[in-house]
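Content type mmCIF, C-alpha atoms, from the file structure-v7.cif:
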```cif
data_work
loop_
_atom_site.label_atom_id
_atom_site.label_comp_id
_atom_site.auth_asym_id
_atom_site.auth_seq_id
_atom_site.Cartn_x
_atom_site.Cartn_y
_atom_site.Cartn_z
CA MET A 1 120.73 41.14 120.94
CA THR A 2 119.67 40.81 117.31
CA GLU A 3 116.22 39.37 116.76
CA PRO A 4 115.91 36.31 114.51
CA GLU A 5 114.73 36.88 110.93
CA VAL A 6 111.88 34.44 111.53
CA LEU A 7 109.93 34.24 114.78
CA VAL A 8 108.77 30.67 115.39
CA ARG A 9 106.47 30.04 118.31
CA GLU A 10 103.49 28.05 119.46
CA GLN A 11 100.30 29.85 120.41
CA GLY A 12 97.82 27.35 121.79
CA SER A 13 97.26 24.77 119.07
CA LEU A 14 98.65 27.14 116.44
CA GLY A 15 102.18 26.93 115.10
CA ARG A 16 102.99 30.53 114.22
CA ILE A 17 105.67 31.70 111.79
CA THR A 18 106.29 35.46 111.56
CA LEU A 19 108.72 36.87 109.02
CA ASN A 20 110.79 39.38 110.97
CA ARG A 21 112.71 41.70 108.64
CA PRO A 22 110.27 44.63 108.66
CA LYS A 23 112.87 47.18 107.52
CA ALA A 24 113.41 45.03 104.39
CA LEU A 25 109.68 44.42 104.06
CA ASN A 26 110.30 40.88 105.27
CA SER A 27 112.14 39.89 102.08
CA LEU A 28 113.10 36.23 102.21
CA THR A 29 116.68 35.13 102.77
CA LEU A 30 117.97 31.58 102.51
CA GLY A 31 118.19 31.47 106.29
CA MET A 32 114.51 32.41 106.56
CA VAL A 33 113.51 29.69 104.09
CA ARG A 34 115.44 27.16 106.15
CA ALA A 35 113.91 28.33 109.44
CA MET A 36 110.40 28.05 108.00
CA THR A 37 111.11 24.61 106.58
CA GLU A 38 112.48 23.38 109.90
CA ALA A 39 109.42 24.70 111.76
CA ILE A 40 106.79 23.11 109.54
CA GLU A 41 108.65 19.80 109.57
CA GLN A 42 108.72 19.83 113.38
CA TRP A 43 104.99 20.54 113.49
CA ARG A 44 104.06 18.05 110.77
CA SER A 45 103.49 15.19 113.20
CA ALA A 46 103.18 17.20 116.45
CA GLU A 47 99.83 16.19 117.93
CA HIS A 48 99.40 19.43 119.89
CA ILE A 49 99.66 21.61 116.77
CA ALA A 50 96.43 21.72 114.74
CA ALA A 51 97.31 24.41 112.19
CA VAL A 52 100.12 26.68 111.00
CA LEU A 53 99.88 30.44 110.50
CA ILE A 54 102.27 32.59 108.45
CA ASP A 55 102.32 36.37 108.84
CA GLY A 56 104.76 39.27 108.67
CA ALA A 57 106.15 41.68 111.26
CA GLY A 58 105.61 45.42 110.89
CA GLU A 59 102.83 47.44 109.34
CA ARG A 60 103.78 47.27 105.67
CA GLY A 61 103.03 43.73 104.67
CA LEU A 62 103.70 40.02 104.69
CA CYS A 63 106.68 39.90 102.33
CA ALA A 64 108.03 41.86 99.35
CA GLY A 65 109.56 38.73 97.80
CA GLY A 66 112.96 37.10 97.84
CA ASP A 67 116.10 39.01 98.78
CA VAL A 68 116.96 39.65 95.12
CA ARG A 69 119.72 42.09 96.00
CA ALA A 70 121.71 39.26 97.60
CA LEU A 71 120.95 37.01 94.62
CA HIS A 72 122.06 39.79 92.25
CA ASP A 73 125.35 40.30 94.11
CA ALA A 74 126.13 36.59 94.01
CA ALA A 75 125.20 36.23 90.34
CA LYS A 76 127.22 39.29 89.36
CA ALA A 77 130.24 37.82 91.13
CA GLY A 78 129.81 34.61 89.18
CA ASP A 79 128.81 32.66 92.30
CA GLU A 80 125.79 30.48 91.56
CA SER A 81 125.83 28.72 94.93
CA LEU A 82 123.34 31.14 96.55
CA PRO A 83 120.82 31.24 93.66
CA THR A 84 121.03 27.45 93.38
CA ALA A 85 120.47 26.84 97.09
CA PHE A 86 117.90 29.59 97.54
CA TRP A 87 115.60 28.62 94.70
CA THR A 88 115.96 24.88 95.35
CA GLU A 89 115.00 25.24 99.00
CA GLU A 90 112.40 27.96 98.47
CA TYR A 91 110.53 25.96 95.84
CA ARG A 92 110.62 22.85 98.02
CA LEU A 93 109.11 24.95 100.83
CA ASN A 94 106.37 26.16 98.47
CA SER A 95 105.54 22.55 97.60
CA ALA A 96 105.64 21.46 101.25
CA LEU A 97 103.17 24.17 102.22
CA ALA A 98 100.85 23.19 99.38
CA GLY A 99 100.82 19.55 100.43
CA TYR A 100 100.90 20.07 104.19
CA PRO A 101 98.67 17.68 106.17
CA LYS A 102 97.39 20.43 108.47
CA PRO A 103 95.68 23.74 107.65
CA VAL A 104 98.13 26.47 106.62
CA VAL A 105 96.75 29.99 107.09
CA GLY A 106 98.55 32.72 105.13
CA ILE A 107 97.86 36.31 106.22
CA MET A 108 98.37 38.29 102.99
CA ASP A 109 97.88 41.67 104.63
CA GLY A 110 99.64 44.67 103.06
CA ILE A 111 102.35 44.00 100.48
CA CYS A 112 102.57 40.39 99.34
CA MET A 113 104.78 40.05 96.29
CA GLY A 114 106.75 37.27 94.60
CA GLY A 115 108.16 35.02 97.28
CA GLY A 116 105.50 36.30 99.67
CA VAL A 117 102.87 34.82 97.36
CA GLY A 118 104.82 31.56 97.35
CA ILE A 119 104.61 31.12 101.13
CA SER A 120 100.94 32.10 101.40
CA ALA A 121 98.97 31.43 98.22
CA HIS A 122 99.75 27.69 98.18
CA GLY A 123 98.36 27.26 101.69
CA SER A 124 94.94 25.84 102.43
CA HIS A 125 93.45 29.05 103.89
CA ARG A 126 94.53 32.34 102.31
CA VAL A 127 93.47 35.60 103.95
CA VAL A 128 93.50 39.06 102.35
CA THR A 129 92.43 42.43 103.71
CA GLU A 130 91.50 45.88 102.43
CA ARG A 131 95.24 46.69 102.61
CA SER A 132 96.46 43.77 100.50
CA LYS A 133 98.66 44.41 97.48
CA VAL A 134 99.31 41.06 95.85
CA GLY A 135 101.53 40.77 92.81
CA MET A 136 104.13 38.99 90.73
CA PRO A 137 106.24 41.89 89.36
CA GLU A 138 109.22 39.81 88.21
CA VAL A 139 109.26 40.72 84.50
CA GLY A 140 110.25 44.23 85.61
CA ILE A 141 113.57 42.95 86.98
CA GLY A 142 114.40 40.62 84.10
CA PHE A 143 112.98 37.57 85.87
CA ILE A 144 109.86 35.38 85.64
CA PRO A 145 106.92 34.79 88.01
CA ASP A 146 108.28 31.95 90.12
CA VAL A 147 107.42 30.22 93.44
CA GLY A 148 104.56 28.60 91.55
CA GLY A 149 103.44 31.95 90.17
CA THR A 150 103.07 30.66 86.62
CA TYR A 151 100.96 27.80 88.02
CA LEU A 152 98.65 30.13 89.97
CA LEU A 153 98.31 32.76 87.25
CA SER A 154 97.67 30.21 84.51
CA ARG A 155 94.61 29.09 86.49
CA ALA A 156 93.06 32.53 86.98
CA PRO A 157 89.78 33.20 85.12
CA GLY A 158 90.19 33.88 81.42
CA GLU A 159 93.38 35.77 80.65
CA LEU A 160 93.57 37.68 83.93
CA GLY A 161 96.69 35.78 84.95
CA THR A 162 98.42 36.64 81.68
CA HIS A 163 97.60 40.32 82.24
CA LEU A 164 99.01 40.23 85.77
CA ALA A 165 102.14 38.33 84.73
CA LEU A 166 103.06 40.55 81.77
CA THR A 167 102.32 43.87 83.48
CA GLY A 168 103.47 42.88 86.97
CA THR A 169 100.53 44.90 88.30
CA PRO A 170 99.66 44.33 91.98
CA ILE A 171 96.02 43.69 92.83
CA GLY A 172 93.86 44.25 95.88
CA GLY A 173 92.26 41.64 98.08
CA ALA A 174 89.01 41.41 96.12
CA ASP A 175 90.86 40.74 92.87
CA ALA A 176 93.09 38.18 94.61
CA VAL A 177 90.01 36.24 95.68
CA HIS A 178 88.51 36.56 92.20
CA CYS A 179 91.73 35.25 90.62
CA GLY A 180 91.88 32.23 92.93
CA ILE A 181 94.95 33.44 94.81
CA ALA A 182 93.09 34.04 98.10
CA ASP A 183 90.01 32.69 99.88
CA TYR A 184 88.88 35.00 102.68
CA PHE A 185 88.48 38.78 102.89
CA VAL A 186 88.99 40.06 106.45
CA ASN A 187 89.18 43.55 107.94
CA SER A 188 92.79 44.22 108.89
CA GLY A 189 91.74 45.66 112.22
CA THR A 190 90.45 42.27 113.34
CA LEU A 191 93.61 40.29 112.54
CA PRO A 192 94.96 40.17 116.13
CA GLU A 193 91.60 38.86 117.34
CA LEU A 194 91.45 36.42 114.43
CA ILE A 195 94.87 35.01 115.26
CA ASP A 196 93.95 34.62 118.93
CA ALA A 197 90.80 32.74 117.90
CA LEU A 198 92.80 30.45 115.61
CA ALA A 199 95.03 29.52 118.55
CA GLY A 200 92.13 27.73 120.19
CA GLY A 201 89.54 27.17 117.52
CA GLN A 202 88.75 25.20 114.39
CA VAL A 203 90.22 27.00 111.37
CA ASP A 204 87.21 26.89 109.06
CA GLU A 205 84.81 28.01 111.77
CA VAL A 206 87.05 30.87 112.89
CA LEU A 207 87.62 32.16 109.36
CA ARG A 208 83.92 32.00 108.55
CA LYS A 209 83.24 34.08 111.65
CA PHE A 210 85.77 36.79 110.76
CA ALA A 211 85.40 36.86 106.99
CA GLU A 212 83.48 39.69 105.38
CA PRO A 213 81.69 39.66 102.02
CA THR A 214 84.36 40.08 99.35
CA PRO A 215 83.96 43.44 97.56
CA ASP A 216 83.41 43.55 93.82
CA ALA A 217 86.60 42.71 91.92
CA PRO A 218 87.71 45.53 89.59
CA LEU A 219 89.37 43.04 87.25
CA ALA A 220 86.09 41.22 86.72
CA GLU A 221 84.70 44.35 85.05
CA GLN A 222 87.68 44.46 82.67
CA ARG A 223 87.48 40.86 81.48
CA GLU A 224 86.24 41.76 78.00
CA TRP A 225 89.32 43.69 76.87
CA ILE A 226 91.73 41.58 78.92
CA ASP A 227 90.53 38.30 77.44
CA ALA A 228 90.40 39.75 73.92
CA ALA A 229 93.94 41.12 74.05
CA TYR A 230 95.84 38.53 76.05
CA SER A 231 94.49 35.50 74.21
CA ALA A 232 96.98 36.35 71.43
CA ASP A 233 99.75 33.88 70.65
CA SER A 234 102.66 36.31 71.04
CA VAL A 235 103.65 39.28 73.19
CA GLU A 236 103.84 41.41 70.03
CA GLU A 237 100.25 40.59 69.15
CA VAL A 238 99.11 41.18 72.73
CA LEU A 239 100.57 44.69 72.47
CA GLU A 240 98.93 45.30 69.10
CA ARG A 241 95.54 44.30 70.46
CA LEU A 242 95.97 46.39 73.61
CA ARG A 243 96.89 49.49 71.61
CA ALA A 244 93.87 48.99 69.35
CA ARG A 245 91.37 48.79 72.21
CA PRO A 246 89.20 51.81 73.02
CA GLU A 247 89.69 51.39 76.78
CA ALA A 248 92.30 53.68 78.34
CA SER A 249 93.24 50.87 80.75
CA ALA A 250 94.21 48.64 77.82
CA ARG A 251 96.51 51.25 76.31
CA GLU A 252 98.02 51.93 79.73
CA ALA A 253 98.72 48.20 80.09
CA ALA A 254 100.57 48.26 76.76
CA GLU A 255 102.75 51.12 77.99
CA VAL A 256 103.58 49.20 81.15
CA ILE A 257 104.47 46.00 79.28
CA GLU A 258 106.75 47.89 76.90
CA GLN A 259 108.99 48.83 79.85
CA LYS A 260 109.63 45.21 80.89
CA SER A 261 112.39 42.85 79.82
CA PRO A 262 111.55 41.62 76.30
CA THR A 263 113.17 38.28 77.05
CA SER A 264 111.33 37.83 80.34
CA LEU A 265 108.02 38.72 78.69
CA LYS A 266 108.37 36.05 76.02
CA VAL A 267 109.66 33.41 78.41
CA THR A 268 106.84 34.17 80.86
CA LEU A 269 104.12 33.90 78.21
CA LYS A 270 105.44 30.52 77.10
CA ALA A 271 105.62 29.33 80.72
CA LEU A 272 102.03 30.38 81.39
CA ARG A 273 100.89 28.30 78.42
CA SER A 274 102.78 25.17 79.52
CA GLY A 275 99.70 23.32 80.78
CA TYR A 276 101.17 22.14 84.08
CA ALA A 277 99.89 18.89 85.53
CA SER A 278 100.94 19.89 89.06
CA LEU A 279 102.50 22.63 91.14
CA GLU A 280 105.69 20.57 91.28
CA ASP A 281 105.87 20.51 87.48
CA ALA A 282 105.60 24.29 87.48
CA LEU A 283 108.23 24.74 90.19
CA THR A 284 110.62 22.42 88.37
CA GLN A 285 110.29 24.45 85.19
CA GLU A 286 110.48 27.74 87.08
CA TYR A 287 113.77 26.66 88.65
CA ARG A 288 115.17 26.02 85.19
CA LEU A 289 113.94 29.42 84.01
CA ALA A 290 115.21 31.21 87.13
CA MET A 291 118.74 29.89 86.65
CA ALA A 292 118.61 30.79 82.96
CA CYS A 293 117.56 34.34 83.88
CA VAL A 294 120.77 34.56 85.93
CA ARG A 295 123.00 32.91 83.36
CA ILE A 296 121.75 34.30 80.04
CA GLY A 297 118.85 36.61 80.89
CA ASP A 298 118.27 40.11 82.20
CA PHE A 299 118.11 39.40 85.95
CA VAL A 300 121.39 41.04 86.96
CA GLU A 301 120.68 44.15 84.87
CA GLY A 302 117.07 44.38 86.02
CA VAL A 303 117.99 44.27 89.71
CA ARG A 304 120.83 46.75 89.11
CA ALA A 305 118.46 49.29 87.59
CA THR A 306 115.74 48.76 90.20
CA LEU A 307 117.49 48.13 93.50
CA VAL A 308 121.25 48.77 93.17
CA ASP A 309 121.83 51.93 91.13
CA LYS A 310 118.09 52.72 91.15
CA ASP A 311 118.33 54.64 87.88
CA ARG A 312 115.15 52.93 86.59
CA ASN A 313 116.83 52.67 83.20
CA PRO A 314 117.53 49.00 82.53
CA ARG A 315 119.51 48.15 79.41
CA TRP A 316 117.73 45.00 78.35
CA SER A 317 119.61 42.60 76.09
CA PRO A 318 118.13 42.04 73.56
CA ALA A 319 116.48 45.45 73.75
CA THR A 320 113.39 44.71 71.64
CA LEU A 321 110.81 41.95 71.36
CA SER A 322 111.61 41.41 67.70
CA GLU A 323 115.16 40.43 68.65
CA VAL A 324 113.96 37.72 71.04
CA ASP A 325 113.32 34.87 68.62
CA ASP A 326 112.03 31.37 69.33
CA THR A 327 115.57 29.99 69.50
CA ARG A 328 116.50 32.35 72.32
CA VAL A 329 113.30 31.57 74.23
CA ALA A 330 113.93 27.84 73.84
CA GLU A 331 117.34 28.24 75.50
CA PHE A 332 115.60 29.15 78.76
CA PHE A 333 113.53 25.96 78.74
CA ALA A 334 116.43 23.61 77.94
CA PRO A 335 117.43 21.39 80.91
CA ALA A 336 120.83 22.21 82.38
CA THR A 337 123.32 19.42 83.02
CA ASP A 338 123.67 20.46 86.68
CA GLU A 339 119.93 20.78 87.36
CA PRO A 340 118.94 19.26 90.72
CA LYS A 341 115.92 17.00 91.10
CA LEU A 342 113.64 19.15 93.24
CA PHE A 343 110.94 16.59 94.03
CA GLY A 344 110.55 12.84 94.28
#
```
Kindly transcribe the structure held in the file into structure tokens.
Amino acid sequence: MTEPEVLVREQGSLGRITLNRPKALNSLTLGMVRAMTEAIEQWRSAEHIAAVLIDGAGERGLCAGGDVRALHDAAKAGDESLPTAFWTEEYRLNSALAGYPKPVVGIMDGICMGGGVGISAHGSHRVVTERSKVGMPEVGIGFIPDVGGTYLLSRAPGELGTHLALTGTPIGGADAVHCGIADYFVNSGTLPELIDALAGGQVDEVLRKFAEPTPDAPLAEQREWIDAAYSADSVEEVLERLRARPEASAREAAEVIEQKSPTSLKVTLKALRSGYASLEDALTQEYRLAMACVRIGDFVEGVRATLVDKDRNPRWSPATLSEVDDTRVAEFFAPATDEPKLFG
């Protein structure tokens, strides 16, 4: 008998959701999004459930993101029904978790990328460990940081969020706490005991008991060059400033950025500077950008090079930053006639 992709169960007063595709690093499918949504709606008014916990099966991590291979296949075939449904329902789930009336504990142990951030970092209690690798690597596949990623990263200290968005670099648990993406640093070896305690205890008290002092954040020590470079008004100027810095890390960041989709880089920078009033505003804009990445952007080619053919040689179109003018960027932000109303 095949196991479900999401394990939903009640453990004491804890409603527990475990992503259960460990061989695919728990990448989210539309069916998983729907199962999670159904579970949290059932528990919303259930008096015996005091809190919800989200974790991932297997040893590698919470979630590597959305199942972009399936989205690629649909988009390549000219079928927008899956991207439309997936991103509509995923973003509504992100918003529901952010506004949930009960504590939502996200266990961001191991790999937590893209969609994994969306189902954990908007919760009320976000747990990282010494094994955490948290990131929004979307510009590397011709996409944009979504699931509220542009909202979260735009609120990180200084220009740290811009650095993470344009490089796609994953960070450890200490940096995640420093950037406001996580709250508690816990030793991974104590997670089973922590979860058992949550099943019968008050969330804040249990997490305070298990949390350890957060280690120094490496990114905090790099704020000077990061803020100086990424405060530029354009991706081209960011690269110029990075190349001119004396720090080797700055020049390495420039090399990383130069490999990403020029279109995605420019669209992402503009999105980060949008000044969102709410998470829902960000998700609404991200939906528009996500569909544009499928229709006129580099998403299909980026996924092909990374996950389908795996040649690591994407043919971005346009191929250079100079070819991505303001008119092209504006096309991504223009409302589509068939755009659904996600909220309200």
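Evaluating the PyMOL selection byres ((chain A and resi 6) around 9) against the shown model yields Glu3, Pro4, Glu5, Leu7, Val8, Ile17, Thr18, Leu19, Asn20, Arg21, Gly31, Met32, Val33, Ala35 and Met36 of chain A.
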Practice item. Using all atoms listed in the file, find the one residue out of A:Leu164, A:Ala64, A:Ala220, A:Val308 that sits nearest to A:Thr268. Key: A:Leu164
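Applied to the file shown here, the PyMOL selection byres ((chain A and resi 250-259) around 8) selects Gly140, Leu166, Thr167, Trp225, Ile226, Leu239, Leu242, Arg243, Ala244, Arg245, Pro246, Glu247, Ala248, Ser249, Lys260, Ser261 and Pro262 of chain A.
Interatomic distance, atom CA of A:Leu93 to atom CA of A:His48: 22.1 Å.
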Review point. Got a sec: who's within 8 Å of stretch 272-283 of chain A, counting all atoms listed in the file, leaving out chain neighbours fewer than 2 positions off, as a list of chain:residue names?
Key: A:Tyr91, A:Ser95, A:Asp146, A:Val147, A:Gly148, A:Thr150, A:Tyr151, A:Leu153, A:Ser154, A:Thr162, A:Thr268, A:Leu269, A:Lys270, A:Gln285, A:Glu286, A:Tyr287, A:Phe343
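In this comparison, which uses all atoms listed in the file, the residue of A:Ile171, A:Val203, A:Val117, A:Ala96 approaching A:Glu38 most closely is A:Ala96.
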List every protein, DNA or RNA residue that has at least one atom no more than 10 Å from (103.8, 23.0, 100.3) in the file's coordinates, counting all atoms listed in the file, and write the result as an mmCIF file with C-alpha atoms, in the coordinates of the input.
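Written out: out_17.cif:
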```
data_model
loop_
_atom_site.group_PDB
_atom_site.id
_atom_site.type_symbol
_atom_site.label_atom_id
_atom_site.label_comp_id
_atom_site.auth_asym_id
_atom_site.auth_seq_id
_atom_site.Cartn_x
_atom_site.Cartn_y
_atom_site.Cartn_z
ATOM 1 C CA THR A 37 111.110 24.610 106.580
ATOM 2 C CA ILE A 40 106.790 23.110 109.540
ATOM 3 C CA TYR A 91 110.530 25.960 95.840
ATOM 4 C CA ARG A 92 110.620 22.850 98.020
ATOM 5 C CA LEU A 93 109.110 24.950 100.830
ATOM 6 C CA ASN A 94 106.370 26.160 98.470
ATOM 7 C CA SER A 95 105.540 22.550 97.600
ATOM 8 C CA ALA A 96 105.640 21.460 101.250
ATOM 9 C CA LEU A 97 103.170 24.170 102.220
ATOM 10 C CA ALA A 98 100.850 23.190 99.380
ATOM 11 C CA GLY A 99 100.820 19.550 100.430
ATOM 12 C CA TYR A 100 100.900 20.070 104.190
ATOM 13 C CA PRO A 101 98.670 17.680 106.170
ATOM 14 C CA VAL A 104 98.130 26.470 106.620
ATOM 15 C CA GLY A 118 104.820 31.560 97.350
ATOM 16 C CA ILE A 119 104.610 31.120 101.130
ATOM 17 C CA SER A 120 100.940 32.100 101.400
ATOM 18 C CA ALA A 121 98.970 31.430 98.220
ATOM 19 C CA HIS A 122 99.750 27.690 98.180
ATOM 20 C CA GLY A 123 98.360 27.260 101.690
ATOM 21 C CA SER A 124 94.940 25.840 102.430
ATOM 22 C CA LEU A 279 102.500 22.630 91.140
ATOM 23 C CA GLU A 280 105.690 20.570 91.280
#
```
Point to revise | Residue nearest A:Asp67 - candidates A:Asp79, A:Glu90, A:Glu47, A:Asp309, atoms counted: all atoms listed in the file | key: A:Glu90
Point to revise | Between atom CA of A:Leu14 and atom CA of A:Ala50 - distance in Å to one decimal | key: 6.1 Å
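When the PyMOL selection byres ((chain A and resi 263) around 8) is evaluated on the file shown here, the picked residues come out as Gly142, Ser261, Pro262, Ser264, Leu265, Lys266, Val267, Gly297, Asp298, Ser317, Pro318, Leu321, Val324 and Val329 of chain A.
Atom pair atom CA of A:Glu41 / atom CA of A:Pro103: separated by 13.7 Å.
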Pull stretch 165-222 of chain A out of the block and emit C-alpha atoms, as a PDB file, in the first residue's frame.
```pdb
ATOM      1  CA  ALA A 165      17.436  36.748  -3.224  1.00  0.00           C
ATOM      2  CA  LEU A 166      19.889  37.623  -6.002  1.00  0.00           C
ATOM      3  CA  THR A 167      22.441  34.927  -5.180  1.00  0.00           C
ATOM      4  CA  GLY A 168      19.971  32.243  -4.076  1.00  0.00           C
ATOM      5  CA  THR A 169      22.482  31.307  -1.378  1.00  0.00           C
ATOM      6  CA  PRO A 170      21.155  29.042   1.402  1.00  0.00           C
ATOM      7  CA  ILE A 171      21.879  30.071   4.980  1.00  0.00           C
ATOM      8  CA  GLY A 172      22.263  28.216   8.250  1.00  0.00           C
ATOM      9  CA  GLY A 173      20.021  28.390  11.277  1.00  0.00           C
ATOM     10  CA  ALA A 174      21.842  31.266  12.966  1.00  0.00           C
ATOM     11  CA  ASP A 175      21.569  33.437   9.863  1.00  0.00           C
ATOM     12  CA  ALA A 176      17.891  32.500   9.481  1.00  0.00           C
ATOM     13  CA  VAL A 177      17.205  33.787  12.984  1.00  0.00           C
ATOM     14  CA  HIS A 178      19.255  36.924  12.311  1.00  0.00           C
ATOM     15  CA  CYS A 179      17.304  37.594   9.100  1.00  0.00           C
ATOM     16  CA  GLY A 180      13.933  37.219  10.821  1.00  0.00           C
ATOM     17  CA  ILE A 181      13.032  33.996   9.032  1.00  0.00           C
ATOM     18  CA  ALA A 182      13.247  31.823  12.177  1.00  0.00           C
ATOM     19  CA  ASP A 183      12.824  32.256  15.933  1.00  0.00           C
ATOM     20  CA  TYR A 184      14.331  29.344  17.866  1.00  0.00           C
ATOM     21  CA  PHE A 185      17.621  27.461  17.518  1.00  0.00           C
ATOM     22  CA  VAL A 186      17.311  23.856  18.712  1.00  0.00           C
ATOM     23  CA  ASN A 187      19.685  20.892  18.621  1.00  0.00           C
ATOM     24  CA  SER A 188      18.406  18.452  16.004  1.00  0.00           C
ATOM     25  CA  GLY A 189      18.978  15.525  18.333  1.00  0.00           C
ATOM     26  CA  THR A 190      16.297  16.814  20.690  1.00  0.00           C
ATOM     27  CA  LEU A 191      13.541  17.222  18.073  1.00  0.00           C
ATOM     28  CA  PRO A 192      11.685  13.963  18.883  1.00  0.00           C
ATOM     29  CA  GLU A 193      11.610  14.931  22.563  1.00  0.00           C
ATOM     30  CA  LEU A 194      10.568  18.479  21.653  1.00  0.00           C
ATOM     31  CA  ILE A 195       7.653  17.234  19.571  1.00  0.00           C
ATOM     32  CA  ASP A 196       6.512  14.904  22.347  1.00  0.00           C
ATOM     33  CA  ALA A 197       6.603  17.829  24.784  1.00  0.00           C
ATOM     34  CA  LEU A 198       4.573  19.999  22.407  1.00  0.00           C
ATOM     35  CA  ALA A 199       1.879  17.315  22.318  1.00  0.00           C
ATOM     36  CA  GLY A 200       1.055  18.012  25.938  1.00  0.00           C
ATOM     37  CA  GLY A 201       2.557  21.359  26.777  1.00  0.00           C
ATOM     38  CA  GLN A 202       2.260  25.075  26.186  1.00  0.00           C
ATOM     39  CA  VAL A 203       4.151  25.994  23.005  1.00  0.00           C
ATOM     40  CA  ASP A 204       6.100  28.996  24.289  1.00  0.00           C
ATOM     41  CA  GLU A 205       7.164  27.228  27.470  1.00  0.00           C
ATOM     42  CA  VAL A 206       8.263  24.087  25.611  1.00  0.00           C
ATOM     43  CA  LEU A 207      10.269  25.997  23.018  1.00  0.00           C
ATOM     44  CA  ARG A 208      11.973  28.107  25.668  1.00  0.00           C
ATOM     45  CA  LYS A 209      12.990  24.909  27.429  1.00  0.00           C
ATOM     46  CA  PHE A 210      14.494  23.307  24.316  1.00  0.00           C
ATOM     47  CA  ALA A 211      15.960  26.367  22.617  1.00  0.00           C
ATOM     48  CA  GLU A 212      19.692  26.948  22.766  1.00  0.00           C
ATOM     49  CA  PRO A 213      21.527  30.266  22.467  1.00  0.00           C
ATOM     50  CA  THR A 214      21.629  31.147  18.774  1.00  0.00           C
ATOM     51  CA  PRO A 215      25.226  31.031  17.461  1.00  0.00           C
ATOM     52  CA  ASP A 216      26.781  34.115  15.916  1.00  0.00           C
ATOM     53  CA  ALA A 217      25.345  34.815  12.467  1.00  0.00           C
ATOM     54  CA  PRO A 218      28.024  34.826   9.730  1.00  0.00           C
ATOM     55  CA  LEU A 219      25.989  37.265   7.640  1.00  0.00           C
ATOM     56  CA  ALA A 220      26.021  39.818  10.442  1.00  0.00           C
ATOM     57  CA  GLU A 221      29.793  40.099  10.058  1.00  0.00           C
ATOM     58  CA  GLN A 222      29.410  40.791   6.326  1.00  0.00           C
TER      59      GLN A 222
END
```
